[in-house]
$ cat structure_9.cif   # mmCIF, C-alpha atoms
data_coords
loop_
_atom_site.label_atom_id
_atom_site.label_comp_id
_atom_site.auth_asym_id
_atom_site.auth_seq_id
_atom_site.Cartn_x
_atom_site.Cartn_y
_atom_site.Cartn_z
CA MET E 728 0.00 0.00 0.00
CA ALA E 729 1.39 3.38 -0.99
CA ILE E 730 2.10 5.73 1.88
CA GLN E 731 0.45 9.09 1.40
CA ARG E 732 3.02 11.84 1.42
CA THR E 733 2.37 14.86 3.63
CA ASP E 734 1.96 18.32 2.12
CA GLU E 735 5.35 19.21 3.54
CA ARG E 736 6.98 16.25 1.80
CA LEU E 737 5.20 16.93 -1.50
CA VAL E 738 6.23 20.60 -1.52
CA ALA E 739 9.83 19.58 -0.82
CA ASP E 740 9.66 17.01 -3.63
CA VAL E 741 8.32 19.55 -6.13
CA LEU E 742 11.01 22.06 -5.18
CA GLY E 743 13.54 19.27 -5.55
CA GLY E 744 12.52 18.88 -9.19
CA ASP E 745 9.77 16.26 -9.01
CA LEU E 746 7.06 18.22 -10.79
CA ASP E 747 4.68 15.24 -10.76
CA ALA E 748 4.40 15.69 -7.00
CA PHE E 749 2.56 18.94 -7.67
CA THR E 750 -0.28 16.96 -9.26
CA HIS E 751 -0.84 15.23 -5.90
CA LEU E 752 -1.17 18.57 -4.17
CA VAL E 753 -3.64 19.75 -6.82
CA GLN E 754 -5.74 16.61 -6.49
CA ARG E 755 -5.77 16.93 -2.72
CA TYR E 756 -7.33 20.41 -2.70
CA ARG E 757 -8.98 21.22 -6.00
CA ASP E 758 -12.45 19.82 -5.25
CA GLY E 759 -12.93 22.04 -2.22
CA HIS E 760 -11.53 24.99 -4.13
CA MET E 761 -13.98 24.43 -6.97
CA ARG E 762 -16.96 24.65 -4.64
CA PHE E 763 -15.62 27.85 -3.08
CA ALA E 764 -14.83 29.40 -6.48
CA VAL E 765 -18.26 28.58 -7.93
CA ARG E 766 -19.96 30.13 -4.91
CA MET E 767 -17.80 33.21 -5.26
CA LEU E 768 -18.08 33.65 -9.02
CA GLY E 769 -21.47 32.16 -9.76
CA ASN E 770 -20.50 29.79 -12.57
CA ARG E 771 -18.12 26.92 -13.27
CA LEU E 772 -16.42 28.48 -16.27
CA ASP E 773 -15.14 31.50 -14.36
CA ALA E 774 -14.36 29.29 -11.37
CA ASP E 775 -12.26 26.94 -13.51
CA GLU E 776 -10.35 29.86 -15.01
CA ALA E 777 -9.70 31.41 -11.60
CA LEU E 778 -8.50 28.10 -10.15
CA GLN E 779 -6.14 27.44 -13.05
CA SER E 780 -4.67 30.87 -12.60
CA ALA E 781 -4.42 30.54 -8.81
CA TRP E 782 -2.74 27.13 -8.90
CA LEU E 783 -0.30 28.25 -11.56
CA ARG E 784 0.66 31.17 -9.31
CA ALA E 785 1.07 28.76 -6.42
CA PHE E 786 3.36 26.65 -8.59
CA ARG E 787 5.47 29.60 -9.72
CA HIS E 788 5.89 30.85 -6.16
CA LEU E 789 6.00 27.54 -4.32
CA ASP E 790 9.31 28.50 -2.77
CA ARG E 791 7.45 31.33 -0.97
CA CYS E 792 5.41 28.87 1.07
CA ALA E 793 7.22 29.50 4.33
CA ASP E 794 5.40 26.93 6.45
CA ARG E 795 5.04 23.89 4.22
CA SER E 796 2.92 22.03 6.72
CA ARG E 797 0.34 24.82 6.26
CA PHE E 798 0.35 24.52 2.47
CA GLY E 799 -3.45 24.09 2.41
CA ALA E 800 -4.06 27.45 4.06
CA TRP E 801 -1.38 29.09 1.93
CA VAL E 802 -2.87 27.92 -1.37
CA PHE E 803 -6.43 28.71 -0.22
CA ALA E 804 -5.35 32.32 0.38
CA ILE E 805 -4.10 32.48 -3.22
CA VAL E 806 -7.36 30.97 -4.49
CA ALA E 807 -9.45 33.42 -2.46
CA ASN E 808 -7.42 36.34 -3.77
CA GLU E 809 -7.74 35.14 -7.36
CA CYS E 810 -11.52 34.80 -6.96
CA ARG E 811 -11.69 38.31 -5.52
CA THR E 812 -9.74 39.66 -8.51
CA ALA E 813 -11.83 37.67 -10.98
CA ALA E 814 -15.06 38.93 -9.41
CA SER E 815 -14.02 42.56 -9.65
CA ARG E 816 -12.72 42.07 -13.20
CA ARG E 817 -15.98 40.47 -14.23
CA ALA E 818 -17.99 43.25 -12.61
CA ARG E 819 -16.02 45.83 -14.56
CA ARG E 820 -16.35 43.86 -17.79
CA GLU E 821 -20.03 43.21 -17.65
CA ARG E 822 -21.12 46.46 -16.05
CA ARG E 823 -24.03 44.40 -14.96
CA LEU E 824 -25.47 45.34 -11.65
CA VAL E 825 -26.79 42.30 -9.91
CA ASP E 826 -28.69 44.14 -7.25
CA ASP E 827 -31.82 43.79 -5.22
CA THR E 828 -33.97 44.44 -8.25
CA ALA E 829 -32.69 41.39 -10.05
CA VAL E 830 -33.46 39.24 -7.08
CA LEU E 831 -36.83 40.75 -6.33
CA ASP E 832 -37.94 40.62 -9.95
CA ALA E 833 -37.22 36.91 -10.09
CA GLU E 834 -40.20 34.67 -10.19
CA ALA E 835 -41.14 33.44 -6.77
CA VAL E 836 -40.55 29.76 -6.23
CA PRO E 837 -43.23 27.73 -4.50
CA ASP E 838 -42.05 26.34 -1.18
CA GLY E 839 -40.38 22.96 -1.46
CA SER E 840 -41.77 22.32 -4.93
CA ASP E 841 -38.54 22.71 -6.81
CA GLN E 842 -35.29 22.20 -4.95
CA ARG E 843 -33.17 23.18 -7.92
CA ALA E 844 -34.99 26.45 -8.48
CA ALA E 845 -34.76 27.21 -4.77
CA ARG E 846 -31.02 26.75 -4.85
CA GLU E 847 -30.77 29.01 -7.86
CA GLU E 848 -32.59 31.70 -5.92
CA ILE E 849 -30.22 31.30 -3.03
CA GLU E 850 -27.27 31.58 -5.41
CA ARG E 851 -28.79 34.69 -6.92
CA ALA E 852 -29.16 36.23 -3.47
CA LEU E 853 -25.58 35.27 -2.68
CA ASP E 854 -24.48 36.92 -5.90
CA ALA E 855 -26.28 40.09 -4.87
CA LEU E 856 -24.18 40.45 -1.72
CA HIS E 857 -21.21 42.77 -1.64
CA PRO E 858 -18.16 40.63 -2.64
CA GLU E 859 -16.54 41.06 0.79
CA GLN E 860 -19.70 39.93 2.54
CA ARG E 861 -20.14 37.05 0.12
CA GLU E 862 -16.59 35.87 0.72
CA ALA E 863 -16.98 36.08 4.50
CA PHE E 864 -20.33 34.27 4.42
CA VAL E 865 -19.04 31.45 2.19
CA LEU E 866 -15.89 30.94 4.24
CA LYS E 867 -17.80 30.92 7.53
CA HIS E 868 -20.97 29.05 6.73
CA VAL E 869 -20.25 27.04 3.58
CA GLU E 870 -16.58 26.18 4.13
CA GLN E 871 -17.20 26.19 7.90
CA MET E 872 -13.91 27.83 8.80
CA SER E 873 -13.16 29.36 12.17
CA TYR E 874 -12.66 33.13 12.27
CA GLU E 875 -8.96 32.55 12.86
CA GLU E 876 -8.71 30.43 9.72
CA MET E 877 -10.65 33.05 7.80
CA ALA E 878 -8.25 35.74 8.98
CA GLU E 879 -5.32 33.67 7.76
CA VAL E 880 -6.90 33.17 4.34
CA THR E 881 -8.12 36.73 3.78
CA GLY E 882 -5.60 38.79 5.71
CA VAL E 883 -8.54 40.62 7.32
CA GLY E 884 -8.95 40.99 11.10
CA VAL E 885 -11.34 38.78 13.04
CA SER E 886 -13.63 41.59 14.19
CA ALA E 887 -14.02 42.93 10.65
CA LEU E 888 -14.81 39.43 9.43
CA LYS E 889 -17.45 38.96 12.12
CA MET E 890 -19.07 42.20 11.03
CA ARG E 891 -19.04 41.11 7.38
CA VAL E 892 -20.67 37.79 8.21
CA LYS E 893 -23.31 39.53 10.33
CA ARG E 894 -24.11 41.99 7.55
CA ALA E 895 -24.21 39.17 5.01
CA CYS E 896 -26.72 37.25 7.12
CA GLU E 897 -28.92 40.32 7.54
CA ARG E 898 -28.81 41.06 3.82
CA LEU E 899 -29.57 37.49 2.85
CA ARG E 900 -32.59 37.56 5.09
CA GLU E 901 -33.82 40.77 3.48
CA LEU E 902 -33.32 39.40 -0.02
CA LEU E 903 -34.79 35.98 0.59
CA GLU E 904 -37.67 37.17 2.74
CA GLU E 905 -39.19 39.12 -0.09
CA VAL E 906 -38.86 36.31 -2.59
CA TYR E 907 -39.71 33.40 -0.39
CA ASP E 908 -41.46 34.72 2.60
CA VAL E 909 -38.46 33.11 4.29
CA ARG E 910 -39.15 29.47 3.67
CA VAL E 911 -35.64 28.51 2.75
CA MET S 157 -35.08 40.09 13.27
CA SER S 158 -32.82 38.67 15.95
CA GLU S 159 -29.26 37.60 15.44
CA SER S 160 -30.10 33.98 16.20
CA GLU S 161 -32.79 34.00 13.52
CA ASP S 162 -30.26 35.35 11.03
CA LEU S 163 -27.83 32.61 11.99
CA ASP S 164 -30.56 30.03 11.62
CA LEU S 165 -31.32 31.33 8.14
CA ALA S 166 -27.59 31.39 7.32
CA GLU S 167 -27.28 27.75 8.26
CA ARG S 168 -30.26 26.73 6.13
CA VAL S 169 -28.92 28.73 3.17
CA ALA S 170 -25.39 27.37 3.59
CA GLU S 171 -26.60 23.80 3.78
CA ARG S 172 -27.81 24.06 0.20
CA LEU S 173 -24.56 25.62 -0.92
CA ARG S 174 -22.33 22.88 0.49
CA ALA S 175 -22.98 20.50 -2.37
CA SER S 176 -19.79 19.72 -4.27
CA GLU S 177 -19.15 21.13 -7.72
CA PRO S 178 -17.70 18.87 -10.41
CA VAL S 179 -14.19 19.68 -11.56
CA ASP S 180 -13.56 19.55 -15.29
CA PRO S 181 -11.82 16.20 -16.08
CA THR S 182 -9.09 18.03 -17.99
CA PHE S 183 -8.31 20.37 -15.07
CA ASP S 184 -5.16 18.58 -13.86
CA THR S 185 -3.79 18.03 -17.36
CA ARG S 186 -4.27 21.64 -18.38
CA LEU S 187 -2.72 22.93 -15.18
CA MET S 188 0.32 20.64 -15.27
CA SER S 189 0.86 21.43 -18.93
CA ALA S 190 0.90 25.16 -18.14
CA ALA S 191 3.17 24.57 -15.13
CA ARG S 192 5.67 22.51 -17.14
CA THR S 193 5.67 25.07 -19.93
CA ALA S 194 6.36 27.90 -17.46
CA ALA S 195 9.17 25.88 -15.87
CA ALA S 196 10.70 24.98 -19.24
CA ARG S 197 10.64 28.63 -20.33
CA GLY S 198 12.58 29.65 -17.25
CA GLU S 199 9.63 31.57 -15.79
CA VAL S 200 9.74 29.72 -12.48
CA ALA S 201 12.52 31.19 -10.36
CA TRP S 202 13.05 28.16 -8.15
CA TYR S 203 13.09 25.65 -11.00
CA ALA S 204 16.44 25.16 -12.68
CA PRO S 205 16.91 21.50 -13.66
CA ASN S 206 20.68 21.86 -13.95
CA ASP S 207 20.92 23.48 -10.52
CA ILE S 208 18.73 20.79 -9.00
CA ALA S 209 20.88 18.07 -10.56
CA ALA S 210 24.03 19.89 -9.46
CA ARG S 211 22.70 20.21 -5.89
CA ARG S 212 21.96 16.49 -5.82
CA ASN S 213 25.42 15.68 -7.17
CA ARG S 214 27.01 18.10 -4.69
CA ARG S 215 25.13 16.52 -1.80
CA ALA S 216 26.17 13.07 -2.98
CA TRP S 217 29.77 14.24 -3.35
CA LEU S 218 29.81 15.89 0.08
CA THR S 219 28.36 12.89 1.85
CA ARG S 220 30.57 10.33 0.15
CA PRO S 221 33.29 9.04 2.51
CA ARG S 222 36.79 9.78 1.27
CA GLN S 223 40.36 10.28 2.38
CA ILE S 224 42.05 13.57 1.64
CA GLY S 225 45.80 14.07 1.53
CA VAL S 226 47.23 17.62 1.52
CA SER S 227 50.87 18.45 0.90
CA PRO S 228 52.33 21.31 3.02
CA LEU S 229 52.79 23.51 -0.05
CA ALA S 230 49.23 23.01 -1.29
CA GLY S 231 47.95 23.80 2.24
CA LEU S 232 49.76 27.13 2.29
CA ALA S 233 48.38 28.05 -1.14
CA ALA S 234 44.83 27.22 -0.07
CA ALA S 235 45.20 29.35 3.09
CA ALA S 236 46.41 32.30 1.02
CA VAL S 237 43.40 32.08 -1.33
CA PHE S 238 41.01 31.91 1.64
CA ALA S 239 42.61 34.99 3.23
CA ALA S 240 42.28 36.92 -0.04
CA ILE S 241 38.58 36.13 -0.24
CA VAL S 242 37.98 37.33 3.32
CA VAL S 243 39.85 40.61 2.77
CA GLY S 244 38.03 41.22 -0.53
CA THR S 245 34.65 40.72 1.08
CA THR S 246 35.45 43.04 3.97
CA LEU S 247 36.47 45.80 1.58
CA ALA S 248 33.27 45.40 -0.42
CA VAL S 249 31.18 45.77 2.73
CA SER S 250 33.06 48.75 4.08
CA ARG S 251 32.58 50.73 0.88
CA GLY S 252 28.86 51.15 1.43
CA ARG S 253 27.03 53.46 3.80
CA ALA S 254 25.58 51.98 6.97
CA THR S 255 21.97 52.60 6.05
CA HIS S 256 18.80 50.60 6.29
CA GLY S 257 17.71 48.78 3.14
CA ALA S 258 19.33 47.62 -0.08
CA SER S 259 21.85 49.67 -2.04
CA VAL S 260 24.24 49.03 -4.88
CA VAL S 261 27.70 49.50 -3.42
CA ALA S 262 29.95 48.55 -6.31
CA ALA S 263 30.07 47.11 -9.74
CA SER S 264 31.05 43.50 -9.47
CA ASN S 265 34.11 42.05 -11.14
CA GLN S 266 31.68 40.26 -13.37
CA PRO S 267 30.50 42.86 -15.93
CA THR S 268 26.85 41.80 -15.82
CA THR S 269 26.30 41.95 -12.05
CA GLU S 270 26.18 44.57 -9.30
CA VAL S 271 27.19 44.17 -5.68
CA VAL S 272 24.14 45.04 -3.60
CA ARG S 273 24.37 45.58 0.12
CA PHE S 274 21.41 44.72 2.32
CA VAL S 275 21.23 46.31 5.76
CA ILE S 276 18.62 46.03 8.46
CA VAL S 277 18.47 47.41 11.98
CA ALA S 278 17.41 44.63 14.31
CA PRO S 279 18.96 45.15 17.76
CA SER S 280 17.23 42.27 19.50
CA ALA S 281 17.68 39.67 16.74
CA ARG S 282 20.00 36.75 17.41
CA GLY S 283 20.33 36.00 13.71
CA VAL S 284 19.15 37.54 10.45
CA SER S 285 19.11 36.10 6.96
CA LEU S 286 18.17 37.40 3.55
CA VAL S 287 15.67 35.52 1.39
CA GLY S 288 14.59 36.33 -2.13
CA ASP S 289 13.95 34.95 -5.54
CA PHE S 290 17.71 35.13 -6.12
CA ASN S 291 18.41 32.45 -3.49
CA GLY S 292 15.27 30.33 -3.70
CA TRP S 293 13.81 31.97 -0.55
CA ASN S 294 16.09 29.78 1.47
CA PRO S 295 16.65 31.21 4.97
CA ALA S 296 19.87 29.25 5.32
CA ALA S 297 21.44 30.53 2.10
CA THR S 298 22.37 34.15 2.88
CA PRO S 299 22.91 35.01 6.54
CA LEU S 300 23.65 38.61 7.50
CA ALA S 301 26.61 39.52 9.69
CA ARG S 302 26.48 42.04 12.51
CA GLY S 303 27.57 45.44 11.22
CA THR S 304 29.20 48.24 13.17
CA GLY S 305 27.47 48.56 16.50
CA ASP S 306 25.15 45.90 17.81
CA SER S 307 21.98 46.83 16.00
CA THR S 308 22.72 46.55 12.27
CA TRP S 309 23.03 43.44 10.19
CA VAL S 310 24.70 43.49 6.77
CA VAL S 311 25.30 41.27 3.77
CA THR S 312 26.40 41.91 0.21
CA VAL S 313 25.14 39.93 -2.75
CA SER S 314 26.07 40.00 -6.44
CA LEU S 315 22.97 40.35 -8.56
CA ALA S 316 22.43 40.56 -12.28
CA PRO S 317 20.29 43.47 -13.52
CA GLY S 318 16.61 42.74 -13.05
CA LYS S 319 13.71 42.93 -10.61
CA TYR S 320 13.79 40.95 -7.41
CA GLN S 321 11.54 40.27 -4.45
CA TYR S 322 13.19 39.82 -1.08
CA ALA S 323 12.64 39.84 2.66
CA PHE S 324 14.57 39.45 5.89
CA VAL S 325 14.08 36.52 8.26
CA LEU S 326 14.70 37.28 11.92
CA ASP S 327 15.76 34.43 14.20
CA GLY S 328 14.72 31.94 11.53
CA GLN S 329 11.05 32.69 12.06
CA ALA S 330 9.77 36.22 11.53
CA TRP S 331 9.62 37.32 7.90
CA LEU S 332 9.98 41.05 7.52
CA ALA S 333 9.70 43.20 4.41
CA ASP S 334 12.35 45.89 4.05
CA PRO S 335 10.78 48.97 5.67
CA THR S 336 12.63 51.28 3.28
CA ALA S 337 11.63 49.59 0.02
CA PRO S 338 8.38 49.28 -1.93
CA ILE S 339 6.25 46.37 -0.80
CA SER S 340 5.55 43.63 -3.30
CA VAL S 341 1.95 43.53 -4.44
CA GLU S 342 1.87 39.74 -4.16
CA ASP S 343 0.90 39.90 -0.53
CA ASP S 344 -1.32 36.81 -0.68
CA LEU S 345 1.72 34.58 -0.77
CA GLY S 346 1.74 34.63 3.00
CA THR S 347 4.97 36.39 3.70
CA PRO S 348 5.64 40.09 3.16
CA SER S 349 8.32 40.99 0.66
CA SER S 350 9.94 44.02 -0.89
CA LEU S 351 10.87 44.94 -4.42
CA LEU S 352 14.37 45.68 -5.64
CA THR S 353 15.39 46.76 -9.13
CA VAL S 354 19.02 46.37 -10.12
CA ALA S 355 19.69 48.59 -13.11
CA ASP S 356 21.86 47.59 -16.00
CA ARG S 357 24.67 50.17 -15.94
CA ARG S 358 25.50 49.48 -19.55
CA ARG S 359 22.15 50.91 -20.51
CA LEU S 360 22.35 54.01 -18.31
#

$ encode --input "structure_9.cif" --output "structure tokens"
Amino acid sequence: MAIQRTDERLVADVLGGDLDAFTHLVQRYRDGHMRFAVRMLGNRLDADEALQSAWLRAFRHLDRCADRSRFGAWVFAIVANECRTAASRRARRERRLVDDTAVLDAEAVPDGSDQRAAREEIERALDALHPEQREAFVLKHVEQMSYEEMAEVTGVGVSALKMRVKRACERLRELLEEVYDVRV
Amino acid sequence: MSESEDLDLAERVAERLRASEPVDPTFDTRLMSAARTAAARGEVAWYAPNDIAARRNRRAWLTRPRQIGVSPLAGLAAAAVFAAIVVGTTLAVSRGRATHGASVVAASNQPTTEVVRFVIVAPSARGVSLVGDFNGWNPAATPLARGTGDSTWVVTVSLAPGKYQYAFVLDGQAWLADPTAPISVEDDLGTPSSLLTVADRRRL
């Protein structure tokens, strides 16, 4: 049975010239990253592009990973930053304001009758949040990180993150209440 | 609405968002292809196949048991060369000003490089090293020596013209950007770093 190499070992192997070892790191983390990126960017195409870019940056700068045993947190920070950049780039490109109106104009979904449509509404509401609030909400409630882990990934202080999550929750309630009568 | 109700809503919303998202089957192949291309083009600072092979060979050579015989004359010659290197290095350091940061202190003997002196004031540090994309961000590669007085640490490095990112490592743990230099924008890489541009004098 093959012994699974630690992140620390894999990073050392890559830096020692074994580029195939990088594939193992990618496979270890990419699924979780994809979920995060799709929640942040709203679609798989943009998420895929952002993840390719983030992982390539991680590869180029692998020697900057100071604490190799914390590789997972290090690469997640790069992914989060790339998603943030992609979201702002997309917003500038599209000049499309996904605001309250878009959510409120959406057709109301009957309670429990269509799970898929309900999830789409939730995603639309998530998309209507300010990007900072969306990121904080996804990290806290979807990725279920502690505030300390979130601070490590985002570089933002714990108290500011708590405020962002609180605001995100309030805003989600406002948005979803009017569409659903809060029957999420 | 109360905070607990908002949290309850958040949990119900998040539950639906925790479903996994499929990753494109070609994801790994595309990424590794791009990574290998970047490495082959020399765009990855830490990746130099010849250096890696040389390091391996050097390690193998260093760890191989051997017997060494030195004649008295050869020993004297080796000591003279070592002394010359030490004196040369001391002169290079003393030419520069004792300031904080990185400064070009002399043109190197090699026409395409400059001797850059890095100085940092760290009175309570027990050891300081320089890391950057010129030494593979290896804290063991370029230690600084105590300068005049107890508070400054100094090292000189020969660098080819180009742009570099660097930082200081205090006591092998704390990474510190150079307070006198522009900060690198790539601050999501976890450790702060500074930017240094070494100009090509031939083009000035």

$ interface_residues --input "structure_9.cif" --of "chain S" --to "chain E" --cutoff "8 Å" --atoms "all atoms listed in the file" --output "PDB file with C-alpha atoms, in the frame of the given file"
ATOM      1  CA  ASP S 162     -30.260  35.350  11.030  1.00  0.00           C
ATOM      2  CA  LEU S 163     -27.830  32.610  11.990  1.00  0.00           C
ATOM      3  CA  LEU S 165     -31.320  31.330   8.140  1.00  0.00           C
ATOM      4  CA  ALA S 166     -27.590  31.390   7.320  1.00  0.00           C
ATOM      5  CA  GLU S 167     -27.280  27.750   8.260  1.00  0.00           C
ATOM      6  CA  ARG S 168     -30.260  26.730   6.130  1.00  0.00           C
ATOM      7  CA  VAL S 169     -28.920  28.730   3.170  1.00  0.00           C
ATOM      8  CA  ALA S 170     -25.390  27.370   3.590  1.00  0.00           C
ATOM      9  CA  GLU S 171     -26.600  23.800   3.780  1.00  0.00           C
ATOM     10  CA  ARG S 172     -27.810  24.060   0.200  1.00  0.00           C
ATOM     11  CA  LEU S 173     -24.560  25.620  -0.920  1.00  0.00           C
ATOM     12  CA  ARG S 174     -22.330  22.880   0.490  1.00  0.00           C
ATOM     13  CA  ALA S 175     -22.980  20.500  -2.370  1.00  0.00           C
ATOM     14  CA  SER S 176     -19.790  19.720  -4.270  1.00  0.00           C
ATOM     15  CA  GLU S 177     -19.150  21.130  -7.720  1.00  0.00           C
ATOM     16  CA  PRO S 178     -17.700  18.870 -10.410  1.00  0.00           C
ATOM     17  CA  VAL S 179     -14.190  19.680 -11.560  1.00  0.00           C
ATOM     18  CA  ASP S 180     -13.560  19.550 -15.290  1.00  0.00           C
ATOM     19  CA  PHE S 183      -8.310  20.370 -15.070  1.00  0.00           C
ATOM     20  CA  ASP S 184      -5.160  18.580 -13.860  1.00  0.00           C
ATOM     21  CA  LEU S 187      -2.720  22.930 -15.180  1.00  0.00           C
ATOM     22  CA  MET S 188       0.320  20.640 -15.270  1.00  0.00           C
ATOM     23  CA  ALA S 190       0.900  25.160 -18.140  1.00  0.00           C
ATOM     24  CA  ALA S 191       3.170  24.570 -15.130  1.00  0.00           C
ATOM     25  CA  ARG S 192       5.670  22.510 -17.140  1.00  0.00           C
ATOM     26  CA  ALA S 194       6.360  27.900 -17.460  1.00  0.00           C
ATOM     27  CA  GLU S 199       9.630  31.570 -15.790  1.00  0.00           C
ATOM     28  CA  VAL S 200       9.740  29.720 -12.480  1.00  0.00           C
ATOM     29  CA  ALA S 201      12.520  31.190 -10.360  1.00  0.00           C
ATOM     30  CA  TRP S 202      13.050  28.160  -8.150  1.00  0.00           C
ATOM     31  CA  TYR S 203      13.090  25.650 -11.000  1.00  0.00           C
ATOM     32  CA  PRO S 205      16.910  21.500 -13.660  1.00  0.00           C
ATOM     33  CA  ILE S 208      18.730  20.790  -9.000  1.00  0.00           C
ATOM     34  CA  GLY S 292      15.270  30.330  -3.700  1.00  0.00           C
ATOM     35  CA  TRP S 293      13.810  31.970  -0.550  1.00  0.00           C
ATOM     36  CA  ASP S 344      -1.320  36.810  -0.680  1.00  0.00           C
ATOM     37  CA  LEU S 345       1.720  34.580  -0.770  1.00  0.00           C
ATOM     38  CA  GLY S 346       1.740  34.630   3.000  1.00  0.00           C
ATOM     39  CA  THR S 347       4.970  36.390   3.700  1.00  0.00           C
TER      40      THR S 347
END

$ residues_around --input "structure_9.cif" --residues "E:Cys810" --least-positions-apart "5" --cutoff "7 Å" --atoms "only C-alpha atoms" --output "list in words"
Ala764, Met767, Leu768 and Ala777 of chain E

$ resolve_selection --input "structure_9.cif" --expression "the PyMOL selection byres ((chain S and resi 350-355) around 6)" --output "list in words"
Pro317, Gly318, Lys319, Tyr320, Gln321, Tyr322, Ala333, Asp334, Ala337, Pro338, Ile339, Ser340, Ser349, Asp356 and Arg357 of chain S

$ atom_distance --input "structure_9.cif" --atom1 "atom CA of E:Gly799" --atom2 "atom CA of E:Met877"
12.7 Å

$ atom_distance --input "structure_9.cif" --atom1 "atom CA of E:Leu866" --atom2 "atom CA of S:Pro181"
25.4 Å

$ closest_residue --input "structure_9.cif" --among "S:Ser259, S:Phe324, S:Ser158, S:Ala195" --to "S:Asn294" --atoms "only C-alpha atoms"
S:Phe324

$ atom_distance --input "structure_9.cif" --atom1 "atom CA of S:Arg273" --atom2 "atom CA of E:Ala739"
29.8 Å

$ resolve_selection --input "structure_9.cif" --expression "the PyMOL selection byres ((chain S and resi 310) around 6)" --output "PyMOL selection string"
chain S and resi 274-275+300-301+303+309+311

$ write_last_selection --input "structure_9.cif" --atoms "C-alpha atoms" --output "CSV table (one decimal), keeping the file's coordinate frame"
chain,number,residue,atom,x,y,z
S,274,PHE,CA,21.4,44.7,2.3
S,275,VAL,CA,21.2,46.3,5.8
S,300,LEU,CA,23.6,38.6,7.5
S,301,ALA,CA,26.6,39.5,9.7
S,303,GLY,CA,27.6,45.4,11.2
S,309,TRP,CA,23.0,43.4,10.2
S,311,VAL,CA,25.3,41.3,3.8

$ axis_aligned_box --input "structure_9.cif" --around "stretch 872-880 of chain E" --padding-each-side "8 Å" --output "AutoDock Vina command-line options"
--center_x -9.6 --center_y 31.8 --center_z 8.6 --size_x 24.6 --size_y 23.9 --size_z 24.5

$ residues_around --input "structure_9.cif" --residues "E:Tyr874" --least-positions-apart "6" --cutoff "9 Å" --atoms "all atoms listed in the file" --output "PDB file with C-alpha atoms, in the frame of the given file"
ATOM      1  CA  LEU E 866     -15.890  30.940   4.240  1.00  0.00           C
ATOM      2  CA  LYS E 867     -17.800  30.920   7.530  1.00  0.00           C
ATOM      3  CA  GLY E 884      -8.950  40.990  11.100  1.00  0.00           C
ATOM      4  CA  VAL E 885     -11.340  38.780  13.040  1.00  0.00           C
ATOM      5  CA  SER E 886     -13.630  41.590  14.190  1.00  0.00           C
ATOM      6  CA  LEU E 888     -14.810  39.430   9.430  1.00  0.00           C
ATOM      7  CA  LYS E 889     -17.450  38.960  12.120  1.00  0.00           C
TER       8      LYS E 889
END
